[in-house]
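File shown: data_24.csv (CSV, C-alpha atoms and all ligand atoms).
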```csv
chain,number,residue,atom,x,y,z
A,409,MET,CA,3.2,-12.0,14.3
A,410,ALA,CA,0.3,-14.2,13.4
A,411,VAL,CA,-3.3,-13.2,14.0
A,412,SER,CA,-6.2,-15.4,14.9
A,413,ASP,CA,-9.0,-16.3,12.5
A,414,HIS,CA,-11.3,-14.7,14.9
A,415,ASP,CA,-9.6,-11.4,14.7
A,416,LEU,CA,-9.2,-11.5,10.9
A,417,ILE,CA,-12.9,-12.4,10.5
A,418,HIS,CA,-13.8,-9.5,12.7
A,419,ALA,CA,-11.7,-7.2,10.6
A,420,TRP,CA,-13.3,-8.4,7.4
A,421,ARG,CA,-16.7,-8.0,8.9
A,422,GLN,CA,-15.9,-4.3,9.7
A,423,VAL,CA,-14.6,-3.7,6.2
A,424,LEU,CA,-17.6,-5.4,4.6
A,425,SER,CA,-20.0,-3.5,6.8
A,426,LEU,CA,-18.3,-0.2,5.9
A,427,SER,CA,-18.6,-1.4,2.2
A,428,LYS,CA,-22.4,-1.7,2.8
A,429,LEU,CA,-22.5,-5.4,2.0
A,430,GLU,CA,-26.2,-6.5,2.3
A,431,ALA,CA,-27.6,-10.0,2.7
A,432,GLY,CA,-28.3,-11.7,-0.6
A,433,GLN,CA,-25.6,-9.8,-2.5
A,434,CYS,CA,-23.1,-11.8,-4.6
A,435,VAL,CA,-19.5,-11.5,-3.6
A,436,THR,CA,-16.7,-13.0,-5.7
A,437,LEU,CA,-13.4,-13.7,-4.1
A,438,LEU,CA,-10.7,-13.3,-6.8
A,439,THR,CA,-7.7,-15.5,-5.9
A,440,GLY,CA,-4.4,-16.4,-7.5
A,441,ALA,CA,-1.1,-18.3,-6.8
A,442,ASP,CA,-0.1,-15.9,-4.1
A,443,THR,CA,-3.4,-15.5,-2.2
A,444,HIS,CA,-2.9,-15.9,1.5
A,445,PRO,CA,-4.9,-18.9,2.7
A,446,GLN,CA,-5.9,-17.3,6.0
A,447,THR,CA,-7.1,-14.1,4.3
A,448,LEU,CA,-9.2,-16.2,1.9
A,449,ARG,CA,-10.7,-18.4,4.6
A,450,CYS,CA,-11.6,-15.5,6.8
A,451,ALA,CA,-13.0,-13.3,4.0
A,452,MET,CA,-15.2,-16.2,2.9
A,453,THR,CA,-16.5,-16.7,6.5
A,454,ALA,CA,-17.1,-13.0,7.0
A,455,VAL,CA,-19.0,-12.7,3.7
A,456,GLN,CA,-21.3,-15.6,4.6
A,457,SER,CA,-21.8,-14.4,8.2
A,458,LEU,CA,-23.2,-11.2,6.8
A,459,GLY,CA,-25.6,-13.0,4.5
A,460,GLY,CA,-23.6,-12.6,1.3
A,461,ILE,CA,-23.4,-15.2,-1.4
A,462,ALA,CA,-19.8,-16.1,-1.8
A,463,ASN,CA,-18.0,-17.4,-4.9
A,464,ARG,CA,-14.4,-18.0,-5.5
A,465,LEU,CA,-12.7,-17.4,-8.9
A,466,ASP,CA,-9.1,-18.6,-9.0
A,467,LEU,CA,-7.1,-17.3,-12.0
A,468,PRO,CA,-3.6,-18.2,-13.2
A,469,PRO,CA,-0.7,-15.7,-12.9
A,470,VAL,CA,0.5,-13.8,-16.0
A,471,ASN,CA,3.7,-11.8,-16.6
A,472,GLY,CA,5.8,-13.7,-14.1
A,473,GLY,CA,8.3,-14.6,-16.8
A,474,LYS,CA,8.8,-11.0,-17.8
A,475,SER,CA,9.0,-9.3,-14.4
A,476,LEU,CA,12.4,-8.9,-12.6
A,477,SER,CA,10.5,-8.9,-9.3
A,478,ARG,CA,8.1,-11.1,-7.4
A,479,ASP,CA,6.2,-8.1,-6.2
A,480,SER,CA,2.7,-8.2,-7.6
A,481,LEU,CA,2.8,-4.5,-8.5
A,482,ALA,CA,6.1,-4.6,-10.2
A,483,TYR,CA,5.0,-5.4,-13.8
A,484,LEU,CA,1.8,-3.9,-15.2
A,485,GLY,CA,0.4,-4.8,-18.6
A,486,THR,CA,-1.9,-7.6,-19.4
A,487,THR,CA,-3.9,-9.3,-16.6
A,488,PRO,CA,-5.6,-12.7,-16.2
A,489,LEU,CA,-8.8,-11.0,-17.4
A,490,THR,CA,-7.4,-10.1,-20.8
A,491,GLY,CA,-9.6,-11.9,-23.3
A,492,ASN,CA,-11.2,-13.9,-20.5
A,493,ARG,CA,-14.9,-13.6,-21.3
A,494,THR,CA,-16.0,-16.1,-18.6
A,495,ALA,CA,-14.3,-14.4,-15.8
A,496,MET,CA,-15.5,-11.0,-17.0
A,497,ALA,CA,-19.1,-12.2,-16.9
A,498,ALA,CA,-18.8,-13.5,-13.4
A,499,LEU,CA,-17.2,-10.4,-12.1
A,500,LYS,CA,-19.6,-8.0,-13.8
A,501,ALA,CA,-22.5,-10.1,-12.3
A,502,SER,CA,-21.1,-9.6,-8.8
A,503,ASP,CA,-22.1,-6.9,-6.4
A,504,LEU,CA,-18.6,-6.9,-4.8
A,505,VAL,CA,-15.3,-8.4,-5.8
A,506,LEU,CA,-12.7,-9.0,-3.1
A,507,ASP,CA,-9.4,-9.0,-5.0
A,508,LEU,CA,-7.1,-11.2,-3.1
A,509,MET,CA,-4.9,-11.7,-6.2
A,510,THR,CA,-3.9,-8.2,-7.3
A,511,LEU,CA,-5.9,-7.5,-10.3
A,512,LEU,CA,-3.9,-4.5,-11.7
A,513,PHE,CA,-5.5,-1.6,-13.4
A,514,SER,CA,-6.7,-2.6,-16.9
A,515,PRO,CA,-9.4,-1.8,-19.4
A,516,GLU,CA,-11.2,-4.9,-18.1
A,517,GLN,CA,-11.2,-3.7,-14.5
A,518,HIS,CA,-12.6,-0.4,-15.7
A,519,GLU,CA,-15.3,-2.3,-17.6
A,520,ILE,CA,-16.3,-4.2,-14.5
A,521,LEU,CA,-16.5,-1.1,-12.3
A,522,SER,CA,-18.6,0.7,-14.9
A,523,THR,CA,-21.3,-1.9,-14.3
A,524,GLY,CA,-21.5,-0.8,-10.7
A,525,THR,CA,-19.5,-3.7,-9.3
A,526,LYS,CA,-17.3,-2.7,-6.4
A,527,ILE,CA,-13.7,-4.0,-6.2
A,528,LEU,CA,-11.7,-4.1,-3.0
A,529,LEU,CA,-8.0,-5.1,-3.2
A,530,ALA,CA,-6.6,-6.8,-0.1
A,531,VAL,CA,-3.3,-8.6,-0.4
A,532,GLU,CA,-1.2,-7.4,2.5
A,533,PRO,CA,-0.4,-10.1,5.2
A,534,PRO,CA,-3.2,-10.8,7.7
A,535,GLU,CA,-1.6,-8.9,10.6
A,536,VAL,CA,-1.2,-5.8,8.5
A,537,LEU,CA,-4.9,-6.0,7.5
A,538,CYS,CA,-5.8,-6.3,11.2
A,539,ARG,CA,-3.6,-3.4,12.2
A,540,MET,CA,-5.0,-1.1,9.6
A,541,VAL,CA,-8.8,-1.8,9.5
A,542,PRO,CA,-10.2,1.4,7.9
A,543,SER,CA,-12.7,3.7,9.6
A,544,GLU,CA,-15.3,6.3,8.7
A,545,ALA,CA,-12.8,8.9,10.1
A,546,ASP,CA,-10.2,7.7,7.5
A,547,ARG,CA,-12.8,8.2,4.8
A,548,LEU,CA,-13.7,11.8,5.8
A,549,ARG,CA,-10.1,12.8,6.2
A,550,VAL,CA,-9.0,11.3,2.8
A,551,LEU,CA,-12.1,12.7,1.0
A,552,HIS,CA,-11.3,16.2,2.4
A,553,ALA,CA,-7.8,16.0,1.0
A,554,GLY,CA,-9.2,14.9,-2.3
A,555,GLU,CA,-11.5,17.9,-2.4
A,556,ARG,CA,-8.5,20.2,-1.8
A,557,ILE,CA,-6.6,18.5,-4.7
A,558,SER,CA,-9.7,18.8,-7.0
A,559,LYS,CA,-9.8,22.6,-6.5
A,560,ALA,CA,-6.0,23.2,-7.0
A,561,ARG,CA,-4.2,24.2,-10.1
A,562,GLU,CA,-0.7,23.5,-8.9
A,563,MET,CA,1.1,21.2,-6.5
A,564,HIS,CA,4.5,22.5,-5.3
A,565,VAL,CA,6.7,20.3,-3.3
A,566,VAL,CA,9.9,21.3,-1.5
A,567,SER,CA,12.3,19.7,1.0
A,568,ALA,CA,15.4,20.6,2.9
A,569,ALA,CA,17.2,17.9,0.9
A,570,GLY,CA,16.7,20.0,-2.3
A,571,THR,CA,13.4,18.9,-3.8
A,572,ASP,CA,11.7,21.7,-5.7
A,573,LEU,CA,9.0,20.3,-8.0
A,574,ARG,CA,6.1,22.1,-9.6
A,575,CYS,CA,3.1,20.1,-11.0
A,576,PRO,CA,0.3,21.9,-12.8
A,577,LEU,CA,-3.0,20.2,-12.1
A,578,GLY,CA,-6.5,20.2,-13.5
A,579,GLN,CA,-6.3,17.7,-16.4
A,580,PHE,CA,-6.9,14.6,-14.2
A,581,PRO,CA,-9.3,14.0,-11.3
A,582,ALA,CA,-8.3,13.5,-7.6
A,583,ILE,CA,-8.3,9.9,-6.5
A,584,THR,CA,-9.0,8.9,-2.9
A,585,GLU,CA,-8.1,5.6,-1.2
A,586,TYR,CA,-9.5,5.0,2.3
A,587,GLY,CA,-9.7,1.2,2.4
A,588,PHE,CA,-13.4,0.3,1.7
A,589,VAL,CA,-15.9,0.5,-1.1
A,590,ASP,CA,-19.1,2.2,0.0
A,591,GLU,CA,-20.3,3.4,-3.5
A,592,PRO,CA,-21.3,1.4,-6.6
A,593,GLY,CA,-18.4,1.2,-9.1
A,594,ARG,CA,-15.8,2.1,-6.5
A,595,TRP,CA,-12.3,0.6,-6.4
A,596,ASP,CA,-10.2,0.8,-3.2
A,597,HIS,CA,-7.4,-0.9,-1.4
A,598,TRP,CA,-7.3,-2.1,2.2
A,599,PRO,CA,-5.0,-1.0,3.7
A,600,SER,CA,-4.5,2.5,2.4
A,601,GLY,CA,-5.2,6.1,3.3
A,602,PHE,CA,-4.0,8.7,0.9
A,603,ALA,CA,-5.2,11.2,-1.7
A,604,LEU,CA,-3.5,11.6,-5.1
A,605,THR,CA,-3.8,13.0,-8.6
A,606,PHE,CA,-1.7,13.2,-11.7
A,607,PRO,CA,0.2,16.2,-13.1
A,608,ASN,CA,-1.1,17.6,-16.4
A,609,ASP,CA,0.5,15.6,-19.1
A,610,GLY,CA,4.0,16.8,-19.9
A,611,GLN,CA,4.0,19.8,-17.6
A,612,ALA,CA,5.7,18.9,-14.4
A,613,SER,CA,9.1,20.3,-13.9
A,614,GLY,CA,11.8,20.7,-11.2
A,615,ARG,CA,14.1,18.6,-9.1
A,616,ILE,CA,13.4,15.7,-6.7
A,617,VAL,CA,16.0,14.8,-4.2
A,618,LEU,CA,15.4,11.5,-2.4
A,619,ASP,CA,17.0,11.7,1.0
A,620,ARG,CA,18.3,9.0,3.3
A,621,GLY,CA,15.3,7.0,4.5
A,622,ASP,CA,13.1,7.7,1.6
A,623,ILE,CA,11.7,4.4,0.1
A,624,LEU,CA,11.9,2.8,-3.3
A,625,LEU,CA,9.0,0.5,-4.3
A,626,PRO,CA,8.8,-2.2,-5.6
A,627,MET,CA,12.4,-2.6,-4.5
A,628,LYS,CA,11.3,-2.1,-0.9
A,629,THR,CA,14.6,-0.4,0.1
A,630,TYR,CA,15.4,2.6,2.2
A,631,VAL,CA,17.6,5.0,0.2
A,632,SER,CA,21.0,5.2,1.9
A,633,GLU,CA,22.3,8.2,0.1
A,634,PRO,CA,20.7,11.0,-1.9
A,635,ILE,CA,19.3,10.4,-5.4
A,636,GLU,CA,18.6,13.4,-7.6
A,637,ILE,CA,15.9,13.1,-10.3
A,638,MET,CA,15.5,16.0,-12.7
A,639,ILE,CA,12.0,16.4,-14.1
A,640,ARG,CA,11.4,18.3,-17.3
A,641,ASN,CA,8.2,18.3,-19.4
A,642,GLY,CA,6.7,15.7,-17.2
A,643,PHE,CA,9.6,13.2,-17.5
A,644,ALA,CA,12.5,12.2,-15.4
A,645,GLN,CA,15.5,13.3,-17.5
A,646,SER,CA,18.2,12.0,-15.2
A,647,ILE,CA,18.6,9.8,-12.1
A,648,GLU,CA,21.9,10.5,-10.3
A,649,GLY,CA,23.4,9.3,-7.1
A,650,GLY,CA,25.1,6.3,-5.5
A,651,LEU,CA,24.3,2.6,-5.5
A,652,HIS,CA,20.5,3.0,-5.1
A,653,ALA,CA,20.3,5.4,-8.0
A,654,GLN,CA,22.1,2.8,-10.1
A,655,LEU,CA,19.8,0.0,-8.9
A,656,LEU,CA,16.8,2.1,-9.8
A,657,SER,CA,18.2,3.1,-13.2
A,658,ASP,CA,19.1,-0.5,-14.1
A,659,TYR,CA,15.6,-1.7,-13.1
A,660,MET,CA,13.9,1.0,-15.2
A,661,GLU,CA,16.1,0.4,-18.2
A,662,SER,CA,15.0,-3.2,-18.3
A,663,PHE,CA,11.6,-2.1,-19.5
A,664,ASP,CA,13.1,-0.4,-22.5
A,665,ASP,CA,10.3,2.0,-22.5
A,666,PRO,CA,10.6,5.9,-22.5
A,667,GLU,CA,7.2,6.1,-20.9
A,668,ALA,CA,8.6,4.5,-17.8
A,669,TYR,CA,10.2,7.8,-16.9
A,670,ALA,CA,7.0,9.9,-17.0
A,671,LEU,CA,5.9,11.4,-13.7
A,672,SER,CA,2.8,9.5,-12.6
A,673,HIS,CA,0.6,9.9,-9.5
A,674,ILE,CA,1.4,12.5,-6.8
A,675,GLY,CA,-0.2,12.9,-3.4
A,676,TRP,CA,0.3,12.4,0.3
A,677,GLY,CA,-0.2,9.8,3.0
A,678,LEU,CA,-3.0,10.1,5.6
A,679,GLN,CA,-3.0,6.8,7.5
A,680,PRO,CA,-1.9,7.2,11.1
A,681,ARG,CA,-1.8,3.4,11.6
A,682,ALA,CA,0.8,3.0,8.8
A,683,ARG,CA,4.4,3.4,9.8
A,684,TRP,CA,7.5,4.5,7.9
A,685,SER,CA,9.6,2.0,9.7
A,686,THR,CA,7.5,-1.1,9.1
A,687,LEU,CA,9.2,-2.1,5.9
A,688,ALA,CA,12.5,-2.6,7.9
A,689,HIS,CA,10.8,-5.6,9.7
A,690,TYR,CA,9.6,-7.5,6.6
A,691,GLY,CA,11.3,-9.6,4.0
A,692,HIS,CA,11.0,-8.2,0.5
A,693,GLU,CA,8.4,-10.7,-0.6
A,694,ALA,CA,6.3,-10.7,2.6
A,695,THR,CA,4.5,-7.3,1.8
A,696,ILE,CA,3.8,-5.0,-1.1
A,697,GLY,CA,4.7,-2.0,1.2
A,698,MET,CA,1.3,-0.3,1.9
A,699,ASP,CA,2.7,1.1,5.2
A,700,ALA,CA,5.3,2.9,3.1
A,701,ARG,CA,2.7,4.3,0.7
A,702,ALA,CA,0.2,5.4,3.3
A,703,PHE,CA,2.2,6.6,6.4
A,704,GLU,CA,1.0,9.9,7.5
A,705,GLY,CA,2.7,12.9,5.9
A,706,ASN,CA,4.7,11.2,3.3
A,707,PHE,CA,4.8,12.8,-0.2
A,708,LEU,CA,4.2,9.8,-2.5
A,709,PHE,CA,5.1,10.2,-6.1
A,710,SER,CA,5.5,7.6,-8.9
A,711,LEU,CA,6.9,7.1,-12.3
A,712,GLY,CA,5.0,5.2,-14.9
A,713,PRO,CA,1.5,5.1,-16.5
A,714,ASN,CA,-1.4,7.5,-16.3
A,715,ASN,CA,-4.1,5.5,-18.1
A,716,GLU,CA,-5.8,4.8,-14.8
A,717,VAL,CA,-7.2,8.3,-15.0
A,718,GLY,CA,-7.7,8.5,-18.7
A,719,GLY,CA,-4.2,9.4,-19.8
A,720,SER,CA,-2.4,7.8,-22.7
A,721,ARG,CA,0.6,6.2,-21.1
A,722,THR,CA,0.4,2.4,-20.5
A,723,THR,CA,3.9,1.4,-19.6
A,724,ALA,CA,4.4,-1.8,-17.6
A,725,CYS,CA,6.9,-0.1,-15.3
A,726,HIS,CA,5.6,1.5,-12.2
A,727,ILE,CA,7.8,2.9,-9.4
A,728,ASP,CA,6.3,4.3,-6.2
A,729,ILE,CA,8.5,6.5,-4.0
A,730,PRO,CA,7.3,7.7,-0.6
A,731,MET,CA,9.4,10.7,0.7
A,732,ARG,CA,9.7,12.0,4.2
A,733,HIS,CA,10.0,15.6,5.5
A,734,CYS,CA,8.6,17.3,2.4
A,735,THR,CA,6.4,20.4,2.3
A,736,VAL,CA,3.5,20.1,-0.1
A,737,GLU,CA,1.5,23.2,-1.2
A,738,LEU,CA,-1.6,23.4,-3.3
A,739,ASP,CA,-1.9,26.8,-4.9
A,740,GLY,CA,0.3,28.2,-2.2
A,741,GLU,CA,-1.6,26.6,0.7
A,742,VAL,CA,0.5,24.2,2.8
A,743,VAL,CA,-1.2,20.8,3.2
A,744,VAL,CA,1.9,19.0,4.4
A,745,GLU,CA,4.6,20.8,6.3
A,746,ARG,CA,8.0,19.1,6.6
A,747,GLY,CA,6.2,15.7,6.7
A,748,ARG,CA,3.4,16.8,9.0
A,749,VAL,CA,-0.2,16.8,7.6
A,750,LEU,CA,-2.1,20.0,7.9
A,751,ASP,CA,-5.7,18.8,7.4
A,752,GLY,CA,-7.4,22.2,7.4
A,753,ASP,CA,-11.0,22.3,8.4
A,754,ILE,CA,-12.7,18.9,8.0
A,755,GLY,CA,-16.4,19.4,8.5
A,756,GLY,CA,-16.1,21.7,11.5
A,757,ARG,CA,-13.1,19.9,13.0
A,758,THR,CA,-9.5,21.0,12.5
B,1,FE,FE,1.6,3.7,-7.6
```
In structure tokens, what does this structure look like?
Amino acid sequence: MAVSDHDLIHAWRQVLSLSKLEAGQCVTLLTGADTHPQTLRCAMTAVQSLGGIANRLDLPPVNGGKSLSRDSLAYLGTTPLTGNRTAMAALKASDLVLDLMTLLFSPEQHEILSTGTKILLAVEPPEVLCRMVPSEADRLRVLHAGERISKAREMHVVSAAGTDLRCPLGQFPAITEYGFVDEPGRWDHWPSGFALTFPNDGQASGRIVLDRGDILLPMKTYVSEPIEIMIRNGFAQSIEGGLHAQLLSDYMESFDDPEAYALSHIGWGLQPRARWSTLAHYGHEATIGMDARAFEGNFLFSLGPNNEVGGSRTTACHIDIPMRHCTVELDGEVVVERGRVLDGDIGGRT
């Protein structure tokens, strides 16, 4: 259902205020072929209404001819910034970049962030943005989960469907996504709401059993029958099951890259305004599935690269898989119990 410009401008103003936008700061709106016109229009108005100096940088798409999917997260690799000195100069000179294009992780993005520029990705449809305007409470809750991950040496995940996965931790940092950028050099994604990390390289092992209703992204499908994925030495060694296992396998084979099968980020969803069922209402190309990634209590794991946190794998293939009803433990302490988040003590509140 459509939202009014008034409501979307209001949402943008909240996000920009949480991101500490100050009058006189330079904001670049990064746009591309798939940027939603209402999102662009309302973001521009909101920036100017808060006294920001707004610029627009429109870049041509890349990789479209290589990807098997129209989803903007489906094919990593080079970005429109690769070798683009002019765009890099503009983005580095900005206080804040609103990424309405989907600038995927890249060395260039890392370089921009290292100058102190903040980047906020926002590409979901306007009504999804309005439904999931982030809050300070989201930030506190996600940061708390991130702190728990930072201290842990092992994540253990089990489910009644048969999942039993052990991921040694400590090599890579915890990453928190709560939907706004309140610190210099921060990257975030509106909407989101989850904490994650990456298993130590080559050390995760066990069995993942996707149950009916678990979600494959970027396919944006609900699994209709179990898929069993055996993980050894940090890599998926086998993917077995029915039709959806075959669809997943065929898609991954198309990249012809052994690194596609590496276990990538692992974590859990913490966004109460995200819903597991939302994806059932949307066409495959209308959303990138942030409800699916962020809904409260899902165990989200992925297959693909780990260079985002300093690892060596840079595969173009990236599969995100939110699972329901899992129990997640950090060093034996339960943080998600059969799909229900156990927050622990957040600053005096439980
Ligand atoms: Fe991912």
Might you pull out every residue within 6 Å of range 602-607 of chain A, with only C-alpha atoms counted and same-chain residues fewer than 4 positions away left off, and present them as an NGL selection string? :A and (550 or 554 or 575-577 or 580 or 582-585 or 672-678 or 702)
Find the residues near ligand FE 1 (chain B). Use a cut-off of 12 Å, count only C-alpha atoms and all ligand atoms, and write them as a PDB file with C-alpha atoms, in the coordinates of the input.
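Heads up, here's the output in out_20.pdb:
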```pdb
ATOM      1  CA  SER A 480       2.700  -8.200  -7.600  1.00  0.00           C
ATOM      2  CA  LEU A 481       2.800  -4.500  -8.500  1.00  0.00           C
ATOM      3  CA  ALA A 482       6.100  -4.600 -10.200  1.00  0.00           C
ATOM      4  CA  TYR A 483       5.000  -5.400 -13.800  1.00  0.00           C
ATOM      5  CA  LEU A 484       1.800  -3.900 -15.200  1.00  0.00           C
ATOM      6  CA  LEU A 512      -3.900  -4.500 -11.700  1.00  0.00           C
ATOM      7  CA  PHE A 513      -5.500  -1.600 -13.400  1.00  0.00           C
ATOM      8  CA  ILE A 583      -8.300   9.900  -6.500  1.00  0.00           C
ATOM      9  CA  GLU A 585      -8.100   5.600  -1.200  1.00  0.00           C
ATOM     10  CA  HIS A 597      -7.400  -0.900  -1.400  1.00  0.00           C
ATOM     11  CA  SER A 600      -4.500   2.500   2.400  1.00  0.00           C
ATOM     12  CA  PHE A 602      -4.000   8.700   0.900  1.00  0.00           C
ATOM     13  CA  ALA A 603      -5.200  11.200  -1.700  1.00  0.00           C
ATOM     14  CA  LEU A 604      -3.500  11.600  -5.100  1.00  0.00           C
ATOM     15  CA  THR A 605      -3.800  13.000  -8.600  1.00  0.00           C
ATOM     16  CA  PHE A 606      -1.700  13.200 -11.700  1.00  0.00           C
ATOM     17  CA  LEU A 624      11.900   2.800  -3.300  1.00  0.00           C
ATOM     18  CA  LEU A 625       9.000   0.500  -4.300  1.00  0.00           C
ATOM     19  CA  PRO A 626       8.800  -2.200  -5.600  1.00  0.00           C
ATOM     20  CA  LEU A 671       5.900  11.400 -13.700  1.00  0.00           C
ATOM     21  CA  SER A 672       2.800   9.500 -12.600  1.00  0.00           C
ATOM     22  CA  HIS A 673       0.600   9.900  -9.500  1.00  0.00           C
ATOM     23  CA  ILE A 674       1.400  12.500  -6.800  1.00  0.00           C
ATOM     24  CA  GLY A 675      -0.200  12.900  -3.400  1.00  0.00           C
ATOM     25  CA  TRP A 676       0.300  12.400   0.300  1.00  0.00           C
ATOM     26  CA  ILE A 696       3.800  -5.000  -1.100  1.00  0.00           C
ATOM     27  CA  GLY A 697       4.700  -2.000   1.200  1.00  0.00           C
ATOM     28  CA  MET A 698       1.300  -0.300   1.900  1.00  0.00           C
ATOM     29  CA  ALA A 700       5.300   2.900   3.100  1.00  0.00           C
ATOM     30  CA  ARG A 701       2.700   4.300   0.700  1.00  0.00           C
ATOM     31  CA  ALA A 702       0.200   5.400   3.300  1.00  0.00           C
ATOM     32  CA  LEU A 708       4.200   9.800  -2.500  1.00  0.00           C
ATOM     33  CA  PHE A 709       5.100  10.200  -6.100  1.00  0.00           C
ATOM     34  CA  SER A 710       5.500   7.600  -8.900  1.00  0.00           C
ATOM     35  CA  LEU A 711       6.900   7.100 -12.300  1.00  0.00           C
ATOM     36  CA  GLY A 712       5.000   5.200 -14.900  1.00  0.00           C
ATOM     37  CA  PRO A 713       1.500   5.100 -16.500  1.00  0.00           C
ATOM     38  CA  ASN A 714      -1.400   7.500 -16.300  1.00  0.00           C
ATOM     39  CA  GLU A 716      -5.800   4.800 -14.800  1.00  0.00           C
ATOM     40  CA  ALA A 724       4.400  -1.800 -17.600  1.00  0.00           C
ATOM     41  CA  CYS A 725       6.900  -0.100 -15.300  1.00  0.00           C
ATOM     42  CA  HIS A 726       5.600   1.500 -12.200  1.00  0.00           C
ATOM     43  CA  ILE A 727       7.800   2.900  -9.400  1.00  0.00           C
ATOM     44  CA  ASP A 728       6.300   4.300  -6.200  1.00  0.00           C
ATOM     45  CA  ILE A 729       8.500   6.500  -4.000  1.00  0.00           C
ATOM     46  CA  PRO A 730       7.300   7.700  -0.600  1.00  0.00           C
TER      47      PRO A 730
END
```
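Between Asn492 in chain A and the residues A:Gln517, A:Ser543, A:Thr723, A:Thr443, the shortest atom-to-atom distance, using only C-alpha atoms, involves A:Gln517.
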Around the point (-3.6, -14.5, -14.0) (coordinates from the file), which residues reach within 12 Å if we count all atoms listed in the file? Answer as a ChimeraX atom specification. /A:438-443,465-472,480,484-492,495,508-512
Selection near Arg748 in chain A, 9 Å with only C-alpha atoms, sequence-local residues under 2 positions removed, as a ChimeraX atom specification: /A:704-706,733-735,743-746,750
If you count all atoms listed in the file, which residues fall within 8 Å of Ser502 in chain A, apart from same-chain ones fewer than 2 positions away, as a list in words?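 The neighbour list is Gln433, Cys434, Val435, Thr436, Ala498, Leu499, Lys500, Leu504, Val505 and Thr525 of chain A.
Rounded to one decimal, CA of Asp507 in chain A and CA of Ala451 in chain A lie 10.6 Å from each other.
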Which of A:His564, A:Leu506, A:Glu591, A:Arg681 sits closest to Phe707 in chain A [using all atoms listed in the file]: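 Closest candidate: A:His564.
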Residue nearest Met731 in chain A - candidates A:Val565, A:Thr686, A:Gln645, A:Asn608, atoms counted: only C-alpha atoms: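 Using only C-alpha atoms, Met731 in chain A sits closest to A:Val565.
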